[in-house]
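Asks: My structure is in coords.pdb, and what it holds is PDB, C-alpha atoms, pLDDT in the B column:
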ATOM      1  CA  GLU A   1       0.000   0.000   0.000  1.00 57.00           C
ATOM      2  CA  THR A   2       1.576   3.264  -1.119  1.00 71.00           C
ATOM      3  CA  GLY A   3       1.251   6.370   1.016  1.00 88.00           C
ATOM      4  CA  VAL A   4       0.667   9.974   0.019  1.00 94.00           C
ATOM      5  CA  THR A   5       3.509  11.636  -1.876  1.00 95.00           C
ATOM      6  CA  GLN A   6       3.888  15.383  -2.283  1.00 96.00           C
ATOM      7  CA  SER A   7       6.245  17.333  -4.510  1.00 96.00           C
ATOM      8  CA  PRO A   8       8.287  19.397  -4.328  1.00 97.00           C
ATOM      9  CA  THR A   9       9.327  19.261  -0.676  1.00 95.00           C
ATOM     10  CA  HIS A  10      10.485  22.872  -0.589  1.00 96.00           C
ATOM     11  CA  LEU A  11      10.324  25.849  -2.901  1.00 96.00           C
ATOM     12  CA  ILE A  12      10.867  29.570  -2.831  1.00 98.00           C
ATOM     13  CA  LYS A  13       8.778  31.949  -4.918  1.00 98.00           C
ATOM     14  CA  THR A  14       8.594  35.683  -5.367  1.00 98.00           C
ATOM     15  CA  ARG A  15       5.502  37.687  -4.479  1.00 98.00           C
ATOM     16  CA  GLY A  16       3.130  37.860  -7.445  1.00 98.00           C
ATOM     17  CA  GLN A  17       4.297  34.592  -8.983  1.00 98.00           C
ATOM     18  CA  GLN A  18       2.254  31.450  -9.444  1.00 98.00           C
ATOM     19  CA  VAL A  19       2.973  28.011  -7.970  1.00 98.00           C
ATOM     20  CA  THR A  20       1.768  24.458  -8.512  1.00 98.00           C
ATOM     21  CA  LEU A  21       2.029  21.781  -5.843  1.00 98.00           C
ATOM     22  CA  ARG A  22       1.435  18.105  -6.518  1.00 98.00           C
ATOM     23  CA  CYS A  23       0.040  15.192  -4.548  1.00 97.00           C
ATOM     24  CA  SER A  24      -0.430  11.520  -5.272  1.00 95.00           C
ATOM     25  CA  SER A  25      -3.069   9.850  -3.116  1.00 92.00           C
ATOM     26  CA  GLN A  26      -2.825   6.604  -1.199  1.00 90.00           C
ATOM     27  CA  SER A  27      -3.781   3.504  -3.123  1.00 86.00           C
ATOM     28  CA  GLY A  28      -7.525   2.832  -2.743  1.00 85.00           C
ATOM     29  CA  HIS A  29      -8.406   6.411  -1.765  1.00 89.00           C
ATOM     30  CA  ASN A  30     -10.610   8.539  -4.032  1.00 89.00           C
ATOM     31  CA  THR A  31     -10.702  11.907  -2.285  1.00 92.00           C
ATOM     32  CA  VAL A  32      -7.963  14.481  -1.824  1.00 94.00           C
ATOM     33  CA  SER A  33      -8.004  17.412   0.594  1.00 94.00           C
ATOM     34  CA  TRP A  34      -5.509  20.250   0.816  1.00 97.00           C
ATOM     35  CA  TYR A  35      -4.551  22.093   3.979  1.00 97.00           C
ATOM     36  CA  GLN A  36      -2.434  25.149   4.707  1.00 97.00           C
ATOM     37  CA  GLN A  37      -0.426  25.135   7.915  1.00 95.00           C
ATOM     38  CA  ALA A  38       1.099  28.471   8.842  1.00 94.00           C
ATOM     39  CA  LEU A  39       3.951  28.517  11.330  1.00 90.00           C
ATOM     40  CA  GLY A  40       2.745  27.686  14.815  1.00 87.00           C
ATOM     41  CA  GLN A  41      -0.826  26.996  13.692  1.00 91.00           C
ATOM     42  CA  GLY A  42      -3.007  23.989  13.053  1.00 93.00           C
ATOM     43  CA  PRO A  43      -3.760  22.969   9.467  1.00 95.00           C
ATOM     44  CA  GLN A  44      -6.527  24.966   7.791  1.00 95.00           C
ATOM     45  CA  PHE A  45      -8.767  23.319   5.202  1.00 94.00           C
ATOM     46  CA  ILE A  46      -8.389  24.787   1.701  1.00 96.00           C
ATOM     47  CA  PHE A  47     -10.542  22.497  -0.445  1.00 95.00           C
ATOM     48  CA  GLN A  48     -11.400  18.909  -1.256  1.00 93.00           C
ATOM     49  CA  TYR A  49     -11.628  17.071  -4.578  1.00 94.00           C
ATOM     50  CA  TYR A  50     -13.719  14.029  -5.414  1.00 91.00           C
ATOM     51  CA  ARG A  51     -14.409  12.633  -8.889  1.00 90.00           C
ATOM     52  CA  GLU A  52     -12.273  15.399 -10.376  1.00 93.00           C
ATOM     53  CA  GLU A  53     -14.512  18.146  -8.992  1.00 93.00           C
ATOM     54  CA  GLU A  54     -14.186  20.508  -6.050  1.00 93.00           C
ATOM     55  CA  ASN A  55     -16.337  19.000  -3.356  1.00 88.00           C
ATOM     56  CA  GLY A  56     -15.946  21.566  -0.599  1.00 90.00           C
ATOM     57  CA  ARG A  57     -13.937  24.681   0.162  1.00 93.00           C
ATOM     58  CA  GLY A  58     -12.663  26.487   3.209  1.00 92.00           C
ATOM     59  CA  ASN A  59     -12.206  30.218   3.657  1.00 94.00           C
ATOM     60  CA  PHE A  60      -9.607  30.732   0.940  1.00 97.00           C
ATOM     61  CA  PRO A  61      -9.780  33.162  -2.029  1.00 97.00           C
ATOM     62  CA  PRO A  62     -10.289  32.020  -5.631  1.00 97.00           C
ATOM     63  CA  ARG A  63      -6.610  32.437  -6.420  1.00 98.00           C
ATOM     64  CA  PHE A  64      -6.272  29.084  -4.661  1.00 98.00           C
ATOM     65  CA  SER A  65      -7.450  26.490  -7.152  1.00 97.00           C
ATOM     66  CA  GLY A  66      -6.978  22.816  -7.756  1.00 97.00           C
ATOM     67  CA  LEU A  67      -7.355  19.829  -9.980  1.00 96.00           C
ATOM     68  CA  GLN A  68      -7.898  16.142  -9.479  1.00 95.00           C
ATOM     69  CA  PHE A  69      -6.929  13.628 -12.154  1.00 94.00           C
ATOM     70  CA  PRO A  70      -8.512  10.262 -13.079  1.00 92.00           C
ATOM     71  CA  ASN A  71      -5.850   8.445 -11.038  1.00 90.00           C
ATOM     72  CA  TYR A  72      -6.964  10.532  -8.002  1.00 91.00           C
ATOM     73  CA  SER A  73      -3.745  12.533  -7.859  1.00 93.00           C
ATOM     74  CA  SER A  74      -4.173  16.263  -7.378  1.00 96.00           C
ATOM     75  CA  GLU A  75      -2.621  19.682  -7.875  1.00 97.00           C
ATOM     76  CA  LEU A  76      -2.916  22.860  -5.848  1.00 98.00           C
ATOM     77  CA  ASN A  77      -2.360  26.087  -7.758  1.00 98.00           C
ATOM     78  CA  VAL A  78      -1.870  29.453  -6.135  1.00 98.00           C
ATOM     79  CA  ASN A  79      -1.830  32.599  -8.272  1.00 97.00           C
ATOM     80  CA  ALA A  80      -0.559  36.057  -7.388  1.00 98.00           C
ATOM     81  CA  LEU A  81       1.420  34.809  -4.414  1.00 98.00           C
ATOM     82  CA  GLU A  82       1.419  36.927  -1.275  1.00 98.00           C
ATOM     83  CA  LEU A  83       3.890  36.880   1.607  1.00 98.00           C
ATOM     84  CA  ASP A  84       1.194  35.377   3.870  1.00 97.00           C
ATOM     85  CA  ASP A  85       0.981  32.352   1.572  1.00 98.00           C
ATOM     86  CA  SER A  86       4.260  31.165   3.081  1.00 98.00           C
ATOM     87  CA  ALA A  87       3.319  27.937   4.854  1.00 97.00           C
ATOM     88  CA  LEU A  88       3.477  24.166   4.857  1.00 96.00           C
ATOM     89  CA  TYR A  89       0.916  22.781   2.412  1.00 97.00           C
ATOM     90  CA  LEU A  90      -0.394  19.368   3.296  1.00 96.00           C
ATOM     91  CA  CYS A  91      -2.294  16.948   1.138  1.00 96.00           C
ATOM     92  CA  ALA A  92      -4.483  14.224   2.627  1.00 94.00           C
ATOM     93  CA  SER A  93      -6.233  11.372   0.873  1.00 92.00           C
ATOM     94  CA  SER A  94      -9.306   9.531   2.114  1.00 88.00           C
ATOM     95  CA  LEU A  95     -12.350   7.549   1.044  1.00 85.00           C
ATOM     96  CA  LYS A  96     -15.414   9.616   0.218  1.00 80.00           C
ATOM     97  CA  GLY A  97     -18.082   9.230   2.899  1.00 74.00           C
ATOM     98  CA  GLN A  98     -15.847   7.107   5.123  1.00 76.00           C
ATOM     99  CA  PRO A  99     -14.173   9.410   7.661  1.00 72.00           C
ATOM    100  CA  ASN A 100     -13.893   6.430   9.974  1.00 74.00           C
ATOM    101  CA  TYR A 101     -11.252   5.028   7.634  1.00 75.00           C
ATOM    102  CA  GLY A 102      -9.085   8.020   8.392  1.00 80.00           C
ATOM    103  CA  TYR A 103      -7.061  10.493   6.421  1.00 88.00           C
ATOM    104  CA  THR A 104      -3.510   9.826   5.236  1.00 91.00           C
ATOM    105  CA  PHE A 105      -1.227  12.835   5.015  1.00 94.00           C
ATOM    106  CA  GLY A 106       1.806  13.484   2.899  1.00 94.00           C
ATOM    107  CA  SER A 107       4.968  15.075   4.271  1.00 94.00           C
ATOM    108  CA  GLY A 108       3.999  18.444   2.854  1.00 95.00           C
ATOM    109  CA  THR A 109       5.474  21.147   0.654  1.00 97.00           C
ATOM    110  CA  ARG A 110       7.163  24.044   2.413  1.00 96.00           C
ATOM    111  CA  LEU A 111       6.445  27.205   0.392  1.00 97.00           C
ATOM    112  CA  THR A 112       8.348  30.388   1.103  1.00 98.00           C
ATOM    113  CA  VAL A 113       7.229  33.590  -0.611  1.00 98.00           C
ATOM    114  CA  VAL A 114       9.777  36.417  -0.637  1.00 97.00           C
TER     115      VAL A 114
ATOM    116  CA  ALA B   1     -20.272  23.315  12.088  1.00 79.00           C
ATOM    117  CA  GLN B   2     -17.576  21.588  14.092  1.00 86.00           C
ATOM    118  CA  SER B   3     -14.630  22.888  16.063  1.00 91.00           C
ATOM    119  CA  VAL B   4     -11.803  21.707  18.298  1.00 95.00           C
ATOM    120  CA  THR B   5     -10.193  23.396  21.277  1.00 96.00           C
ATOM    121  CA  GLN B   6      -6.850  22.228  22.588  1.00 97.00           C
ATOM    122  CA  LEU B   7      -6.067  23.575  26.042  1.00 93.00           C
ATOM    123  CA  GLY B   8      -2.459  24.604  26.430  1.00 92.00           C
ATOM    124  CA  SER B   9      -0.243  25.521  23.515  1.00 94.00           C
ATOM    125  CA  HIS B  10       2.722  23.989  25.357  1.00 96.00           C
ATOM    126  CA  VAL B  11       2.897  21.144  27.874  1.00 97.00           C
ATOM    127  CA  SER B  12       6.134  20.247  29.663  1.00 97.00           C
ATOM    128  CA  VAL B  13       6.745  16.916  31.383  1.00 97.00           C
ATOM    129  CA  SER B  14       9.728  15.015  32.696  1.00 97.00           C
ATOM    130  CA  GLU B  15      10.784  11.758  31.106  1.00 97.00           C
ATOM    131  CA  GLY B  16       8.782   8.951  32.724  1.00 97.00           C
ATOM    132  CA  ALA B  17       5.934  11.227  33.813  1.00 98.00           C
ATOM    133  CA  LEU B  18       2.307  11.016  32.734  1.00 98.00           C
ATOM    134  CA  VAL B  19       1.404  12.827  29.531  1.00 98.00           C
ATOM    135  CA  LEU B  20      -2.034  14.465  29.344  1.00 98.00           C
ATOM    136  CA  LEU B  21      -2.997  16.580  26.332  1.00 98.00           C
ATOM    137  CA  ARG B  22      -6.480  18.042  26.404  1.00 98.00           C
ATOM    138  CA  CYS B  23      -8.959  18.260  23.556  1.00 97.00           C
ATOM    139  CA  ASN B  24     -12.578  19.415  23.578  1.00 97.00           C
ATOM    140  CA  TYR B  25     -14.759  19.334  20.515  1.00 95.00           C
ATOM    141  CA  SER B  26     -17.984  20.869  19.318  1.00 92.00           C
ATOM    142  CA  SER B  27     -20.190  19.071  16.827  1.00 87.00           C
ATOM    143  CA  SER B  28     -23.924  19.000  16.162  1.00 82.00           C
ATOM    144  CA  VAL B  29     -23.721  15.421  14.885  1.00 84.00           C
ATOM    145  CA  PRO B  30     -21.820  12.359  16.102  1.00 84.00           C
ATOM    146  CA  PRO B  31     -18.134  13.046  15.599  1.00 88.00           C
ATOM    147  CA  TYR B  32     -15.148  11.074  14.493  1.00 91.00           C
ATOM    148  CA  LEU B  33     -12.095  12.188  16.461  1.00 93.00           C
ATOM    149  CA  PHE B  34      -8.418  11.922  15.684  1.00 94.00           C
ATOM    150  CA  TRP B  35      -5.066  12.664  17.237  1.00 97.00           C
ATOM    151  CA  TYR B  36      -2.122  13.364  14.961  1.00 96.00           C
ATOM    152  CA  VAL B  37       1.523  13.933  15.819  1.00 96.00           C
ATOM    153  CA  GLN B  38       3.868  16.179  13.849  1.00 95.00           C
ATOM    154  CA  TYR B  39       7.637  16.104  14.197  1.00 92.00           C
ATOM    155  CA  PRO B  40       9.643  19.127  13.039  1.00 87.00           C
ATOM    156  CA  ASN B  41       9.499  19.729   9.300  1.00 80.00           C
ATOM    157  CA  GLN B  42       7.339  16.676   8.731  1.00 85.00           C
ATOM    158  CA  GLY B  43       3.739  15.873   7.849  1.00 88.00           C
ATOM    159  CA  LEU B  44       1.057  14.499  10.149  1.00 93.00           C
ATOM    160  CA  GLN B  45       1.125  10.964  11.492  1.00 93.00           C
ATOM    161  CA  LEU B  46      -2.045   9.383  12.851  1.00 93.00           C
ATOM    162  CA  LEU B  47      -1.763   8.361  16.505  1.00 96.00           C
ATOM    163  CA  LEU B  48      -5.288   7.079  17.038  1.00 94.00           C
ATOM    164  CA  LYS B  49      -8.914   7.624  16.054  1.00 93.00           C
ATOM    165  CA  TYR B  50     -12.370   7.298  17.588  1.00 92.00           C
ATOM    166  CA  THR B  51     -15.000   6.023  15.171  1.00 87.00           C
ATOM    167  CA  SER B  52     -17.986   5.319  17.489  1.00 79.00           C
ATOM    168  CA  ALA B  53     -16.861   1.871  18.612  1.00 77.00           C
ATOM    169  CA  ALA B  54     -15.030   1.579  21.941  1.00 86.00           C
ATOM    170  CA  THR B  55     -14.781   4.859  23.862  1.00 91.00           C
ATOM    171  CA  LEU B  56     -11.252   4.045  25.036  1.00 95.00           C
ATOM    172  CA  VAL B  57      -8.996   4.046  22.018  1.00 95.00           C
ATOM    173  CA  LYS B  58      -5.453   2.720  21.986  1.00 96.00           C
ATOM    174  CA  GLY B  59      -2.973   4.060  19.466  1.00 95.00           C
ATOM    175  CA  ILE B  60       0.642   3.804  18.507  1.00 95.00           C
ATOM    176  CA  ASN B  61       3.636   4.460  20.746  1.00 94.00           C
ATOM    177  CA  GLY B  62       1.673   3.739  23.936  1.00 96.00           C
ATOM    178  CA  PHE B  63      -0.825   6.586  23.561  1.00 97.00           C
ATOM    179  CA  GLU B  64      -4.511   6.265  24.284  1.00 97.00           C
ATOM    180  CA  ALA B  65      -7.543   8.551  24.400  1.00 97.00           C
ATOM    181  CA  GLU B  66     -10.998   8.330  25.911  1.00 95.00           C
ATOM    182  CA  PHE B  67     -14.105   9.701  24.223  1.00 95.00           C
ATOM    183  CA  LYS B  68     -16.424  11.305  26.788  1.00 95.00           C
ATOM    184  CA  LYS B  69     -19.610  12.516  25.158  1.00 92.00           C
ATOM    185  CA  SER B  70     -20.954  14.186  28.308  1.00 93.00           C
ATOM    186  CA  GLU B  71     -17.808  16.294  28.546  1.00 94.00           C
ATOM    187  CA  THR B  72     -17.310  16.641  24.751  1.00 95.00           C
ATOM    188  CA  SER B  73     -13.710  15.652  25.354  1.00 96.00           C
ATOM    189  CA  PHE B  74     -11.123  13.397  23.773  1.00 97.00           C
ATOM    190  CA  HIS B  75      -7.989  13.808  25.895  1.00 98.00           C
ATOM    191  CA  LEU B  76      -4.758  12.064  24.913  1.00 98.00           C
ATOM    192  CA  THR B  77      -2.696  10.268  27.551  1.00 98.00           C
ATOM    193  CA  LYS B  78       0.449   8.219  27.898  1.00 98.00           C
ATOM    194  CA  PRO B  79       1.514   6.710  31.230  1.00 97.00           C
ATOM    195  CA  SER B  80       5.230   7.373  30.848  1.00 97.00           C
ATOM    196  CA  ALA B  81       6.769  10.024  28.596  1.00 97.00           C
ATOM    197  CA  HIS B  82       9.813   9.292  26.490  1.00 97.00           C
ATOM    198  CA  MET B  83      12.194  11.832  25.021  1.00 96.00           C
ATOM    199  CA  SER B  84      11.106  10.754  21.537  1.00 95.00           C
ATOM    200  CA  ASP B  85       7.531  11.900  22.322  1.00 97.00           C
ATOM    201  CA  ALA B  86       8.589  15.529  22.049  1.00 97.00           C
ATOM    202  CA  ALA B  87       6.570  16.870  19.111  1.00 97.00           C
ATOM    203  CA  GLU B  88       3.431  18.824  18.286  1.00 97.00           C
ATOM    204  CA  TYR B  89       0.102  17.092  18.739  1.00 98.00           C
ATOM    205  CA  PHE B  90      -3.108  17.966  16.932  1.00 97.00           C
ATOM    206  CA  CYS B  91      -6.635  16.930  17.778  1.00 97.00           C
ATOM    207  CA  ALA B  92      -9.097  16.895  14.866  1.00 95.00           C
ATOM    208  CA  VAL B  93     -12.789  16.209  14.287  1.00 92.00           C
ATOM    209  CA  SER B  94     -14.697  14.996  11.266  1.00 88.00           C
ATOM    210  CA  THR B  95     -18.306  13.998  10.646  1.00 78.00           C
ATOM    211  CA  LEU B  96     -20.358  12.125   8.078  1.00 71.00           C
ATOM    212  CA  THR B  97     -22.220  15.270   7.056  1.00 71.00           C
ATOM    213  CA  GLY B  98     -21.175  17.554   4.251  1.00 68.00           C
ATOM    214  CA  TYR B  99     -17.890  16.743   2.613  1.00 69.00           C
ATOM    215  CA  SER B 100     -16.362  15.122   5.684  1.00 76.00           C
ATOM    216  CA  THR B 101     -13.120  16.983   6.108  1.00 84.00           C
ATOM    217  CA  LEU B 102     -10.939  17.385   9.169  1.00 90.00           C
ATOM    218  CA  THR B 103     -11.144  20.404  11.427  1.00 92.00           C
ATOM    219  CA  PHE B 104      -8.020  20.781  13.545  1.00 95.00           C
ATOM    220  CA  GLY B 105      -7.218  22.370  16.857  1.00 96.00           C
ATOM    221  CA  LYS B 106      -4.307  24.784  17.121  1.00 95.00           C
ATOM    222  CA  GLY B 107      -1.990  22.119  18.449  1.00 96.00           C
ATOM    223  CA  THR B 108      -0.096  21.424  21.661  1.00 97.00           C
ATOM    224  CA  MET B 109       3.677  21.269  21.731  1.00 97.00           C
ATOM    225  CA  LEU B 110       4.872  18.536  24.090  1.00 97.00           C
ATOM    226  CA  LEU B 111       8.268  19.188  25.668  1.00 97.00           C
ATOM    227  CA  VAL B 112      10.000  16.311  27.468  1.00 97.00           C
ATOM    228  CA  SER B 113      12.902  16.993  29.787  1.00 97.00           C
ATOM    229  CA  PRO B 114      15.368  14.375  31.053  1.00 95.00           C
TER     230      PRO B 114
END
For this file, produce the structure as structure tokens.
Replies:
Amino acid sequence: ETGVTQSPTHLIKTRGQQVTLRCSSQSGHNTVSWYQQALGQGPQFIFQYYREEENGRGNFPPRFSGLQFPNYSSELNVNALELDDSALYLCASSLKGQPNYGYTFGSGTRLTVV
Amino acid sequence: AQSVTQLGSHVSVSEGALVLLRCNYSSSVPPYLFWYVQYPNQGLQLLLKYTSAATLVKGINGFEAEFKKSETSFHLTKPSAHMSDAAEYFCAVSTLTGYSTLTFGKGTMLLVSP
């Protein structure tokens, strides 16, 4: 059983640029959720994808967008980067409608915006 | 809506002492509850989860938690702390309603002294 893999592990971007983060879900999982974890904070829900469509969204602006592919992998795109976007971005895969099965997290992508 | 409150942003114990990390939740429907651990610069690792079966849940590394509905609590305990337990701990809640995502507390940093 493969776990959740995220890439890249670290990157540095300049304010105003765009970034794409990638996530491959755990084998057997069909839902991917993205979280933003600022320094010293708990993870905050960005959005969730199921069947290649956004299935739910937290309190994040539209410049945060995503995709899910037929193999359940996912991308998080952030446009017009701001300094406050600097954070650890976590991807979690799960089974739709089965929270009791749990959520498997990747190791995250550390984004620094300068 | 659901929420989690973790009492104490930092908890300090001596090696061999009891570990108690507090978590209270708010949910209008039956919750699923989780404890995750995060080591520096890493993702989230599941310690244990409550999924409406036994109220006393045993997890990895000797941790356990008890679901108390009357107190809306899910405190994490370990009888004897080890230096390797030093990390940040997050309590999270999910439900079957909506898109079933995780809502996290702000985290508690566990410090273990020799």
Asks: If we count all atoms listed in the file, which residues of chain B reach to within 7 Å of chain A? Please list them as a ChimeraX atom specification.
Replies: /B:32,42-44,51,94-96,99-100,104-107
Asks: If I take CA of Glu15 in chain B and CA of Val37 in chain B, how far is one from the other in Å, to one decimal?
Replies: 18.0 Å
Asks: To one decimal place in Å, what is the distance between CA of Ser26 in chain B and CA of Ala38 in chain A?
Replies: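 The value is 23.1 Å.
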Asks: So that I can check the surroundings of Leu76 in chain A, please list as a short mmCIF file (atom, residue, chain, number, x, y, z; two decimals) with C-alpha atoms, keeping the file's coordinate frame every protein, DNA and RNA residue that reaches within 8 Å of it, counting only C-alpha atoms and ignoring chain neighbours fewer than 4 positions away.
Replies:
data_model
loop_
_atom_site.label_atom_id
_atom_site.label_comp_id
_atom_site.auth_asym_id
_atom_site.auth_seq_id
_atom_site.Cartn_x
_atom_site.Cartn_y
_atom_site.Cartn_z
CA THR A 20 1.77 24.46 -8.51
CA LEU A 21 2.03 21.78 -5.84
CA ARG A 22 1.44 18.10 -6.52
CA TRP A 34 -5.51 20.25 0.82
CA PHE A 64 -6.27 29.08 -4.66
CA SER A 65 -7.45 26.49 -7.15
CA GLY A 66 -6.98 22.82 -7.76
CA LEU A 67 -7.36 19.83 -9.98
#
Asks: Would you translate the PyMOL selection byres ((chain B and resi 84) around 10) into the concrete set of residues it matches in this file, as a list of chain:residue names?
Replies: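 Taken over the shown coordinates, the PyMOL selection byres ((chain B and resi 84) around 10) returns B:Glu15, B:Tyr39, B:Asn61, B:Ala81, B:His82, B:Met83, B:Asp85, B:Ala86, B:Ala87, B:Leu111, B:Val112.
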Asks: Can you take range 73-86 of chain B from the block and write N, CA, C and O atoms as a compact mmCIF listing (two decimals), in the first residue's frame?
Replies:
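Below you can see result-v4.txt, which holds the result:
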# COMPACT_ATOMS: atom_id res chain seq x y z
N SER B 73 -15.17 15.65 25.27
CA SER B 73 -13.71 15.65 25.35
C SER B 73 -13.13 14.39 24.71
O SER B 73 -13.80 13.36 24.58
N PHE B 74 -11.87 14.52 24.36
CA PHE B 74 -11.12 13.40 23.77
C PHE B 74 -9.65 13.62 24.13
O PHE B 74 -8.82 13.88 23.27
N HIS B 75 -9.34 13.52 25.41
CA HIS B 75 -7.99 13.81 25.90
C HIS B 75 -7.03 12.67 25.57
O HIS B 75 -7.38 11.49 25.66
N LEU B 76 -5.81 13.03 25.28
CA LEU B 76 -4.76 12.06 24.91
C LEU B 76 -3.85 11.83 26.12
O LEU B 76 -3.43 12.79 26.76
N THR B 77 -3.56 10.57 26.41
CA THR B 77 -2.70 10.27 27.55
C THR B 77 -1.65 9.23 27.18
O THR B 77 -1.82 8.46 26.23
N LYS B 78 -0.57 9.25 27.98
CA LYS B 78 0.45 8.22 27.90
C LYS B 78 1.04 8.08 29.30
O LYS B 78 1.38 9.09 29.92
N PRO B 79 1.11 6.88 29.83
CA PRO B 79 1.51 6.71 31.23
C PRO B 79 2.93 7.21 31.53
O PRO B 79 3.18 7.76 32.60
N SER B 80 3.84 7.05 30.57
CA SER B 80 5.23 7.37 30.85
C SER B 80 5.86 8.02 29.61
O SER B 80 6.01 7.38 28.57
N ALA B 81 6.22 9.29 29.74
CA ALA B 81 6.77 10.02 28.60
C ALA B 81 8.18 9.57 28.27
O ALA B 81 8.98 9.26 29.16
N HIS B 82 8.47 9.60 26.98
CA HIS B 82 9.81 9.29 26.49
C HIS B 82 10.31 10.52 25.74
O HIS B 82 9.52 11.28 25.19
N MET B 83 11.62 10.67 25.71
CA MET B 83 12.19 11.83 25.02
C MET B 83 11.71 11.92 23.57
O MET B 83 11.49 13.02 23.05
N SER B 84 11.52 10.77 22.95
CA SER B 84 11.11 10.75 21.54
C SER B 84 9.66 11.21 21.34
O SER B 84 9.22 11.37 20.20
N ASP B 85 8.91 11.41 22.43
CA ASP B 85 7.53 11.90 22.32
C ASP B 85 7.46 13.40 22.10
O ASP B 85 6.39 13.93 21.81
N ALA B 86 8.58 14.08 22.24
CA ALA B 86 8.59 15.53 22.05
C ALA B 86 8.22 15.86 20.61
O ALA B 86 8.91 15.47 19.67
